[in-house]
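Visitor: My structure is in protein.txt, and what it holds is compact mmCIF, C-alpha atoms:
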```txt
# COMPACT_ATOMS: atom_id res chain seq x y z
CA MET A 23 83.14 42.12 -63.81
CA ARG A 24 84.73 40.10 -66.59
CA LEU A 25 85.82 36.61 -65.56
CA ASP A 26 87.41 34.60 -68.37
CA ASP A 27 84.73 34.76 -71.06
CA ARG A 28 81.85 35.50 -68.67
CA MET A 29 80.40 38.80 -67.52
CA ILE A 30 78.92 39.31 -64.05
CA THR A 31 76.82 42.45 -63.62
CA ILE A 32 77.21 44.05 -60.20
CA GLY A 33 74.78 46.82 -59.24
CA PRO A 34 75.24 49.54 -56.62
CA GLY A 35 75.28 47.96 -53.17
CA ASP A 36 75.50 44.35 -54.40
CA VAL A 37 77.80 41.92 -52.61
CA VAL A 38 79.88 39.36 -54.52
CA LEU A 39 82.51 36.90 -53.33
CA CYS A 40 85.32 36.72 -55.93
CA ASP A 41 88.42 34.60 -56.32
CA GLY A 42 91.32 37.04 -56.35
CA ALA A 43 93.63 34.41 -57.79
CA ALA A 44 91.48 34.03 -60.91
CA ALA A 45 91.98 36.29 -63.91
CA HIS A 46 89.30 38.95 -63.82
CA GLN A 47 88.82 42.65 -64.37
CA TYR A 48 86.28 45.31 -63.46
CA GLU A 49 84.60 47.56 -65.99
CA PHE A 50 82.69 50.51 -64.50
CA ASP A 51 80.17 52.62 -66.39
CA ASP A 52 80.92 55.79 -64.42
CA ASP A 53 82.61 57.18 -61.32
CA ASN A 54 82.16 54.92 -58.34
CA GLU A 55 83.37 53.82 -54.97
CA HIS A 56 83.62 50.18 -54.01
CA LEU A 57 84.65 48.40 -50.86
CA CYS A 58 86.95 45.43 -51.39
CA LEU A 59 87.61 43.09 -48.47
CA ILE A 60 90.51 40.70 -49.07
CA PHE A 61 90.48 37.41 -47.16
CA SER A 62 93.66 35.37 -46.91
CA LYS A 63 93.83 31.91 -48.38
CA GLN A 64 94.54 30.48 -44.94
CA MET A 65 91.44 32.13 -43.47
CA LEU A 66 89.23 30.85 -46.27
CA GLU A 67 90.64 27.34 -45.98
CA ALA A 68 89.99 27.36 -42.24
CA ARG A 69 86.48 28.64 -42.86
CA MET A 70 85.92 26.04 -45.59
CA ARG A 71 86.60 23.19 -43.21
CA ARG A 72 83.63 24.21 -41.05
CA SER A 73 81.45 25.91 -43.66
CA SER A 74 78.29 24.63 -45.25
CA PRO A 75 78.03 25.18 -48.16
CA PRO A 76 81.71 25.09 -49.21
CA ILE A 77 83.32 28.42 -50.03
CA GLY A 78 84.04 27.26 -53.57
CA ASP A 79 80.32 26.91 -54.34
CA MET A 80 79.72 30.54 -53.44
CA ILE A 81 82.34 32.13 -55.69
CA ASN A 82 80.85 34.80 -58.01
CA TYR A 83 77.40 34.52 -56.41
CA ARG A 84 75.73 37.95 -56.33
CA ILE A 85 73.59 39.06 -53.39
CA ALA A 86 71.38 41.97 -54.45
CA ALA A 87 71.74 45.29 -52.66
CA HIS A 88 68.17 45.45 -51.33
CA ARG A 89 68.39 42.16 -49.44
CA SER A 90 68.75 42.40 -45.69
CA SER A 91 71.95 40.36 -45.62
CA ALA A 92 73.62 42.67 -48.16
CA ILE A 93 72.59 45.71 -46.13
CA LEU A 94 73.94 44.10 -42.96
CA MET A 95 77.27 43.15 -44.57
CA ARG A 96 77.79 46.61 -46.04
CA SER A 97 76.86 48.41 -42.83
CA TYR A 98 79.00 46.16 -40.67
CA ALA A 99 82.06 46.33 -42.91
CA ILE A 100 81.89 50.12 -43.35
CA GLY A 101 81.18 50.69 -39.67
CA LEU A 102 84.09 48.54 -38.50
CA LEU A 103 86.52 50.12 -40.95
CA GLN A 104 85.44 53.58 -39.80
CA GLN A 105 86.07 52.57 -36.20
CA LEU A 106 89.53 51.29 -37.09
CA GLU A 107 90.34 54.60 -38.74
CA ARG A 108 88.93 56.58 -35.81
CA PHE A 109 91.15 54.81 -33.31
CA GLN A 110 94.05 54.69 -35.76
CA THR A 111 94.09 50.91 -35.66
CA GLU A 112 95.64 49.01 -38.52
CA ALA A 113 92.98 47.80 -40.98
CA ASP A 114 94.82 44.48 -41.28
CA ASP A 115 94.75 43.86 -37.52
CA PRO A 116 94.46 40.04 -37.18
CA LEU A 117 91.63 40.09 -34.63
CA ALA A 118 89.60 42.70 -36.51
CA ALA A 119 90.17 40.88 -39.77
CA ARG A 120 89.06 37.56 -38.27
CA VAL A 121 85.92 39.04 -36.70
CA LEU A 122 85.00 40.93 -39.85
CA GLY A 123 85.73 37.95 -42.09
CA ASP A 124 83.73 35.49 -40.00
CA THR A 125 80.74 37.83 -39.83
CA ILE A 126 80.74 38.62 -43.55
CA LEU A 127 81.18 35.01 -44.62
CA THR A 128 78.51 33.84 -42.17
CA CYS A 129 75.97 36.28 -43.64
CA TYR A 130 77.02 35.49 -47.18
CA SER A 131 76.86 31.71 -46.78
CA ALA A 132 73.49 31.90 -44.98
CA GLU A 133 72.00 33.91 -47.84
CA PHE A 134 73.50 31.59 -50.44
CA GLU A 135 72.13 28.53 -48.64
CA THR A 136 68.67 30.10 -48.38
CA ASP A 137 68.63 30.79 -52.12
CA ARG A 138 69.90 27.32 -52.93
CA ARG A 139 67.19 25.69 -50.85
CA ARG A 140 64.60 27.89 -52.58
CA ASP A 141 65.98 26.91 -55.98
CA ASP A 142 65.94 23.24 -54.99
CA SER A 143 62.34 23.60 -53.83
CA TRP A 144 61.35 25.26 -57.10
CA THR A 145 62.99 22.48 -59.12
CA SER A 146 61.17 19.84 -57.06
CA VAL A 147 57.82 21.60 -57.41
CA GLN A 148 58.33 22.16 -61.13
CA ARG A 149 59.14 18.50 -61.75
CA PHE A 150 56.21 17.35 -59.63
CA VAL A 151 53.75 19.56 -61.49
CA GLU A 152 55.04 18.43 -64.89
CA SER A 153 54.79 14.77 -63.83
CA ASN A 154 51.24 15.11 -62.50
CA LEU A 155 49.54 17.47 -64.95
CA GLU A 156 46.98 14.87 -65.92
CA ASP A 157 45.79 14.44 -62.35
CA PRO A 158 42.74 16.68 -61.68
CA ALA A 159 43.69 16.57 -57.98
CA LEU A 160 46.83 18.59 -58.71
CA ARG A 161 46.24 21.57 -56.43
CA PRO A 162 48.35 23.48 -53.88
CA SER A 163 47.20 21.30 -50.99
CA TYR A 164 48.04 18.15 -52.96
CA ILE A 165 51.54 19.44 -53.78
CA CYS A 166 52.14 20.39 -50.15
CA GLU A 167 51.10 16.95 -49.00
CA LYS A 168 53.28 15.06 -51.47
CA LEU A 169 56.37 17.27 -51.17
CA ARG A 170 55.94 17.91 -47.43
CA LEU A 171 55.83 21.67 -47.81
CA SER A 172 53.77 24.12 -45.82
CA ALA A 173 51.27 26.30 -47.66
CA LYS A 174 53.38 29.38 -46.92
CA SER A 175 56.53 27.70 -48.21
CA LEU A 176 54.77 26.76 -51.45
CA GLN A 177 53.51 30.34 -51.84
CA ARG A 178 57.04 31.66 -51.37
CA VAL A 179 58.40 29.24 -53.97
CA PHE A 180 55.95 30.43 -56.62
CA ARG A 181 56.24 34.07 -55.57
CA SER A 182 59.99 33.87 -56.15
CA GLN A 183 59.16 32.94 -59.77
CA GLY A 184 56.69 35.79 -60.17
CA THR A 185 53.59 33.61 -60.38
CA SER A 186 51.10 31.64 -58.29
CA CYS A 187 50.54 27.92 -57.98
CA HIS A 188 47.11 28.02 -59.63
CA LYS A 189 48.35 30.10 -62.56
CA TYR A 190 51.44 27.97 -63.09
CA ILE A 191 49.44 24.73 -63.15
CA ALA A 192 46.83 26.22 -65.52
CA ASP A 193 49.53 27.56 -67.85
CA ALA A 194 51.37 24.23 -67.87
CA ARG A 195 48.16 22.37 -68.72
CA LEU A 196 47.29 24.83 -71.47
CA ASP A 197 50.77 24.53 -72.94
CA GLU A 198 50.48 20.75 -72.96
CA ALA A 199 47.04 20.99 -74.55
CA SER A 200 48.41 23.32 -77.25
CA ARG A 201 51.25 20.88 -77.92
CA ARG A 202 48.83 18.01 -78.41
CA LEU A 203 46.51 20.10 -80.55
CA SER A 204 49.38 21.02 -82.86
CA ASP A 205 50.63 17.43 -83.20
CA PRO A 206 49.33 16.01 -86.52
CA SER A 207 49.86 12.46 -85.26
CA LEU A 208 47.27 12.98 -82.50
CA SER A 209 43.64 12.88 -83.58
CA ALA A 210 42.01 12.87 -80.14
CA ARG A 211 38.97 15.06 -79.66
CA ILE A 212 39.56 18.44 -78.07
CA THR A 213 37.32 17.40 -75.18
CA ASP A 214 39.46 14.34 -74.55
CA ILE A 215 42.65 16.39 -74.71
CA ALA A 216 41.26 18.82 -72.15
CA TYR A 217 40.45 15.99 -69.77
CA ASP A 218 43.76 14.24 -70.45
CA VAL A 219 45.82 17.27 -69.42
CA GLY A 220 43.95 17.62 -66.13
CA PHE A 221 41.02 19.97 -66.79
CA ASP A 222 37.76 18.76 -65.26
CA ASP A 223 35.71 21.78 -66.40
CA LEU A 224 35.41 22.17 -70.17
CA SER A 225 33.99 25.68 -69.98
CA TYR A 226 36.93 26.79 -67.87
CA PHE A 227 39.32 25.12 -70.30
CA SER A 228 37.75 26.89 -73.28
CA ARG A 229 37.82 30.30 -71.61
CA SER A 230 41.37 29.85 -70.36
CA PHE A 231 42.64 28.62 -73.72
CA ARG A 232 41.14 31.55 -75.61
CA ARG A 233 42.41 34.03 -73.02
CA LYS A 234 45.95 32.70 -73.32
CA PHE A 235 46.22 32.01 -77.05
CA GLY A 236 43.70 34.47 -78.44
CA VAL A 237 41.75 31.81 -80.35
CA SER A 238 39.61 28.82 -79.49
CA ALA A 239 41.17 25.38 -79.16
CA ARG A 240 39.49 24.34 -82.43
CA GLU A 241 40.86 27.38 -84.30
CA TYR A 242 44.27 26.74 -82.77
CA ARG A 243 44.28 23.15 -84.02
CA HIS A 244 43.25 24.18 -87.55
CA SER A 245 45.95 26.84 -87.66
CA ALA A 246 48.58 24.40 -86.38
CA LEU A 247 47.71 21.78 -88.98
CA ARG A 248 47.85 24.42 -91.74
CA GLY A 249 51.17 25.70 -90.41
CA THR A 250 49.80 29.18 -89.76
CA LEU A 251 50.17 29.46 -85.99
CA PRO A 252 50.76 33.09 -84.93
CA LEU A 253 54.11 34.23 -83.58
CA TRP A 254 52.83 34.35 -79.99
CA ARG A 255 52.50 30.59 -79.84
CA GLY A 256 53.71 29.25 -76.47
CA ARG A 257 53.59 30.55 -72.94
CA PRO A 258 53.26 34.36 -73.04
CA SER A 259 54.13 36.73 -70.27
CA SER A 260 51.28 37.46 -67.89
```
Please lay out the structure from this file as C-alpha cells.
Guide:
Amino acid sequence: MRLDDRMITIGPGDVVLCDGAAAHQYEFDDDNEHLCLIFSKQMLEARMRRSSPPIGDMINYRIAAHRSSAILMRSYAIGLLQQLERFQTEADDPLAARVLGDTILTCYSAEFETDRRRDDSWTSVQRFVESNLEDPALRPSYICEKLRLSAKSLQRVFRSQGTSCHKYIADARLDEASRRLSDPSLSARITDIAYDVGFDDLSYFSRSFRRKFGVSAREYRHSALRGTLPLWRGRPSS
C-alpha cells in the first residue's frame, strides 16, 4: 500500500487499520482477494473516546497473519459476513456493524498495546544494559531486579529480538571493547579494557573476542591503528 511517499507491505492474511480519508493506493503483485471493512467516522470517534491506545496511534499498524489476533479477526469478520449473506441481511445493518466493529477494534487495539509494551520493555532493557556494561554484576537476575521484570518477561523481550540476554550483553561488551581498542587516543592495556567493559574472566574475553571478530584483541588493535580493519568490523549476525 502506497501512502504519500511511504510503502507499507501487506502479506496474505495480514490485518491493517487504514485511514480511508488519506490519499493512498494499493498495488498487488498478482490476483488476490481482500476483505475491506469500512468504519464510519462517527463510530471511530465514539470508540476513540473510550479506547486505549487512541485510534490515531494505530493507523497503518500491521498485524501479521500468523498471530492469533489476526486469525481471530479474519475468522470473525468472514464468518459474520457469511451469516449476513445466508439470512439475506444487509451487510451495513447498524447492529451487525457495531458488533463487528467493536470486536475487530478491540482485538486490534489489544494486539497493538501488547506490541507497544513489548517495544517499551525492549527500549528500557537496551538502555539499562548500555548504561551498566561496566558492572560485572550485569546479569539477567540483576536486570529483572532493577527493572522489576519477571525472568519470563525478560526472556520474551530478548526472544522478540532474536537473541538471549547473555548473548546480547556479551556482544555489547565486545563491541565496546572493540571501540576502545580502535581508538588511538586510548592507550589502556587490553586487560584493563576487558575489565572496564565488564568482563571478569580474561580467558572468556579472549575466546569471545576472537570468536566474534576472527582475530585476537591485540591483532584487532594493531589493525585498527594501521587502518586495516576488515570489512566485518562491528556486530555481525549470529
Visitor: Point out the residue among A:Leu103, A:Val151, A:Ile165, A:Cys129 with the least atom-to-atom distance to Asp193 in chain A, counting all atoms listed in the file.
Guide: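 Smallest distance to Asp193 in chain A is found for A:Val151.
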Visitor: Go through A:Met29, A:Ala119, A:Cys166, A:Ala45 one by one, measure the shortest atom-to-atom distance of each to Met65 in chain A using only C-alpha atoms, and give the residue with the smallest value.
Guide: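 For Met65 in chain A, the nearest of the given residues is A:Ala119.
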Visitor: Give me the residues near range 167-183 of chain A as a ChimeraX atom specification, where near means some atom within 7 Å (using all atoms listed in the file) and where sequence neighbours in that chain fewer than 2 positions away do not count.
Guide: /A:140,143-144,163-165,185-187
Visitor: Take CA of Ile77 in chain A and CA of Leu39 in chain A and report the distance between them in Å, one decimal.
Guide: 9.1 Å
Visitor: Rounded to one decimal in Å, what is the spacing between CA of Val37 in chain A and CA of Gln148 in chain A?
Guide: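 We find that CA of Val37 in chain A and CA of Gln148 in chain A lie 29.0 Å from each other.
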Visitor: Figure out the distance between CA of Ala194 in chain A and CA of Ile215 in chain A, please, to one decimal in Å.
Guide: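 Computing it gives 13.6 Å between the two atoms.
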Visitor: Using all atoms listed in the file, which residues of range 136-221 of chain A come within 10 Å of range 230-248 of chain A, and what is the closest atom pair for each, with the distance in Å to one decimal? Give it as JSON lines, sorted by chain and residue number.
Guide:
```
{"residue": "A:Ala192", "atom": "CA", "partner": "A:Ser230", "partner_atom": "CA", "distance": 8.1}
{"residue": "A:Asp193", "atom": "CA", "partner": "A:Lys234", "partner_atom": "CA", "distance": 8.3}
{"residue": "A:Arg195", "atom": "CA", "partner": "A:Phe231", "partner_atom": "CA", "distance": 9.7}
{"residue": "A:Leu196", "atom": "CA", "partner": "A:Phe231", "partner_atom": "CA", "distance": 6.4}
{"residue": "A:Asp197", "atom": "CA", "partner": "A:Phe231", "partner_atom": "CA", "distance": 9.1}
{"residue": "A:Ala199", "atom": "CA", "partner": "A:Ala239", "partner_atom": "CA", "distance": 8.7}
{"residue": "A:Ser200", "atom": "CA", "partner": "A:Tyr242", "partner_atom": "CA", "distance": 7.7}
{"residue": "A:Arg201", "atom": "CA", "partner": "A:Arg243", "partner_atom": "CA", "distance": 9.5}
{"residue": "A:Arg202", "atom": "CA", "partner": "A:Arg243", "partner_atom": "CA", "distance": 8.9}
{"residue": "A:Leu203", "atom": "CA", "partner": "A:Arg243", "partner_atom": "CA", "distance": 5.1}
{"residue": "A:Ser204", "atom": "CA", "partner": "A:Ala246", "partner_atom": "CA", "distance": 4.9}
{"residue": "A:Asp205", "atom": "CA", "partner": "A:Leu247", "partner_atom": "CA", "distance": 7.8}
{"residue": "A:Pro206", "atom": "CA", "partner": "A:Leu247", "partner_atom": "CA", "distance": 6.5}
{"residue": "A:Arg211", "atom": "CA", "partner": "A:Arg240", "partner_atom": "CA", "distance": 9.7}
{"residue": "A:Ile212", "atom": "CA", "partner": "A:Ala239", "partner_atom": "CA", "distance": 7.2}
{"residue": "A:Thr213", "atom": "CA", "partner": "A:Ala239", "partner_atom": "CA", "distance": 9.7}
{"residue": "A:Ala216", "atom": "CA", "partner": "A:Ala239", "partner_atom": "CA", "distance": 9.6}
```
Visitor: Which residues are near Leu66 in chain A? Cut-off 10 Å, all atoms listed in the file, ignore same chain within fewer than 6 positions. Put them as a list in words.
Guide: Ser73, Pro76, Ile77, Gly78, Gly123, Asp124 and Leu127 of chain A
Visitor: Distance cut-off 12 Å, centre (80.2, 40.9, -36.4) in file coordinates, counting all atoms listed in the file: which residues qualify? Return them as number ranges by chain.
Guide: A: 94-102, 117-129
Visitor: Which residues, written as a list in words, have at least one atom at most 9 Å from Glu156 in chain A, with all atoms listed in the file counted and residues fewer than 2 positions away on the same chain left out?
Guide: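 So, after excluding close chain neighbours, the residues are Glu152, Ser153, Asn154, Pro158, Ala159, Leu160, Arg195, Tyr217, Asp218, Val219, Gly220 and Phe221 of chain A.
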Visitor: Just need range 113-195 of chain A in a file, please: C-alpha atoms, as an mmCIF file, in the first residue's frame.
Guide:
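Result file follows (result.cif):
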```cif
data_model
loop_
_atom_site.group_PDB
_atom_site.id
_atom_site.type_symbol
_atom_site.label_atom_id
_atom_site.label_comp_id
_atom_site.auth_asym_id
_atom_site.auth_seq_id
_atom_site.Cartn_x
_atom_site.Cartn_y
_atom_site.Cartn_z
ATOM 1 C CA ALA A 113 -24.192 -6.006 5.396
ATOM 2 C CA ASP A 114 -24.493 -2.424 6.627
ATOM 3 C CA ASP A 115 -27.041 -3.334 9.312
ATOM 4 C CA PRO A 116 -26.302 -0.916 12.208
ATOM 5 C CA LEU A 117 -26.304 -3.572 14.945
ATOM 6 C CA ALA A 118 -24.148 -6.012 12.971
ATOM 7 C CA ALA A 119 -21.777 -3.224 12.007
ATOM 8 C CA ARG A 120 -21.451 -2.066 15.620
ATOM 9 C CA VAL A 121 -20.833 -5.584 16.954
ATOM 10 C CA LEU A 122 -18.335 -6.388 14.211
ATOM 11 C CA GLY A 123 -16.577 -3.039 14.556
ATOM 12 C CA ASP A 124 -16.266 -3.237 18.334
ATOM 13 C CA THR A 125 -14.908 -6.786 18.190
ATOM 14 C CA ILE A 126 -12.376 -6.055 15.449
ATOM 15 C CA LEU A 127 -11.146 -2.840 17.050
ATOM 16 C CA THR A 128 -10.920 -4.494 20.476
ATOM 17 C CA CYS A 129 -8.696 -7.261 19.084
ATOM 18 C CA TYR A 130 -6.648 -4.825 17.046
ATOM 19 C CA SER A 131 -6.052 -2.377 19.887
ATOM 20 C CA ALA A 132 -5.187 -5.191 22.330
ATOM 21 C CA GLU A 133 -2.546 -6.540 19.937
ATOM 22 C CA PHE A 134 -1.175 -3.064 19.283
ATOM 23 C CA GLU A 135 -0.936 -2.344 23.016
ATOM 24 C CA THR A 136 0.825 -5.670 23.644
ATOM 25 C CA ASP A 137 3.419 -4.879 20.981
ATOM 26 C CA ARG A 138 3.885 -1.355 22.268
ATOM 27 C CA ARG A 139 4.505 -2.575 25.798
ATOM 28 C CA ARG A 140 6.996 -5.112 24.436
ATOM 29 C CA ASP A 141 8.764 -2.386 22.467
ATOM 30 C CA ASP A 142 8.831 -0.149 25.540
ATOM 31 C CA SER A 143 10.287 -3.001 27.579
ATOM 32 C CA TRP A 144 12.958 -3.649 24.962
ATOM 33 C CA THR A 145 13.925 0.037 24.900
ATOM 34 C CA SER A 146 14.174 0.089 28.702
ATOM 35 C CA VAL A 147 16.261 -3.088 28.799
ATOM 36 C CA GLN A 148 18.505 -1.881 25.988
ATOM 37 C CA ARG A 149 19.184 1.439 27.710
ATOM 38 C CA PHE A 150 19.807 -0.272 31.044
ATOM 39 C CA VAL A 151 22.315 -2.696 29.543
ATOM 40 C CA GLU A 152 24.170 0.083 27.712
ATOM 41 C CA SER A 153 24.323 2.163 30.908
ATOM 42 C CA ASN A 154 25.623 -0.709 33.050
ATOM 43 C CA LEU A 155 28.022 -2.571 30.755
ATOM 44 C CA GLU A 156 30.953 -1.938 33.062
ATOM 45 C CA ASP A 157 29.234 -3.612 36.000
ATOM 46 C CA PRO A 158 30.284 -7.303 36.244
ATOM 47 C CA ALA A 159 27.010 -7.928 38.096
ATOM 48 C CA LEU A 160 25.047 -7.199 34.915
ATOM 49 C CA ARG A 161 23.164 -10.473 34.525
ATOM 50 C CA PRO A 162 19.537 -11.437 33.826
ATOM 51 C CA SER A 163 18.646 -11.592 37.520
ATOM 52 C CA TYR A 164 20.176 -8.149 38.092
ATOM 53 C CA ILE A 165 18.204 -6.648 35.187
ATOM 54 C CA CYS A 166 14.983 -8.230 36.436
ATOM 55 C CA GLU A 167 15.550 -6.818 39.890
ATOM 56 C CA LYS A 168 16.301 -3.283 38.727
ATOM 57 C CA LEU A 169 13.595 -3.075 36.052
ATOM 58 C CA ARG A 170 11.033 -5.092 38.035
ATOM 59 C CA LEU A 171 10.604 -7.704 35.336
ATOM 60 C CA SER A 172 9.998 -11.400 35.789
ATOM 61 C CA ALA A 173 12.522 -13.831 34.340
ATOM 62 C CA LYS A 174 9.962 -14.993 31.774
ATOM 63 C CA SER A 175 9.179 -11.422 30.741
ATOM 64 C CA LEU A 176 12.872 -10.704 30.228
ATOM 65 C CA GLN A 177 13.239 -13.874 28.149
ATOM 66 C CA ARG A 178 10.304 -12.826 25.976
ATOM 67 C CA VAL A 179 11.798 -9.371 25.459
ATOM 68 C CA PHE A 180 15.081 -10.784 24.162
ATOM 69 C CA ARG A 181 13.372 -13.567 22.220
ATOM 70 C CA SER A 182 11.371 -10.930 20.344
ATOM 71 C CA GLN A 183 14.741 -9.513 19.190
ATOM 72 C CA GLY A 184 16.056 -12.905 18.128
ATOM 73 C CA THR A 185 18.695 -13.174 20.846
ATOM 74 C CA SER A 186 19.230 -14.024 24.508
ATOM 75 C CA CYS A 187 20.141 -11.822 27.443
ATOM 76 C CA HIS A 188 23.571 -13.415 27.909
ATOM 77 C CA LYS A 189 24.449 -13.111 24.228
ATOM 78 C CA TYR A 190 23.247 -9.526 23.974
ATOM 79 C CA ILE A 191 25.282 -8.425 26.995
ATOM 80 C CA ALA A 192 28.394 -10.244 25.748
ATOM 81 C CA ASP A 193 28.040 -8.741 22.263
ATOM 82 C CA ALA A 194 27.530 -5.248 23.673
ATOM 83 C CA ARG A 195 30.645 -5.585 25.842
#
```
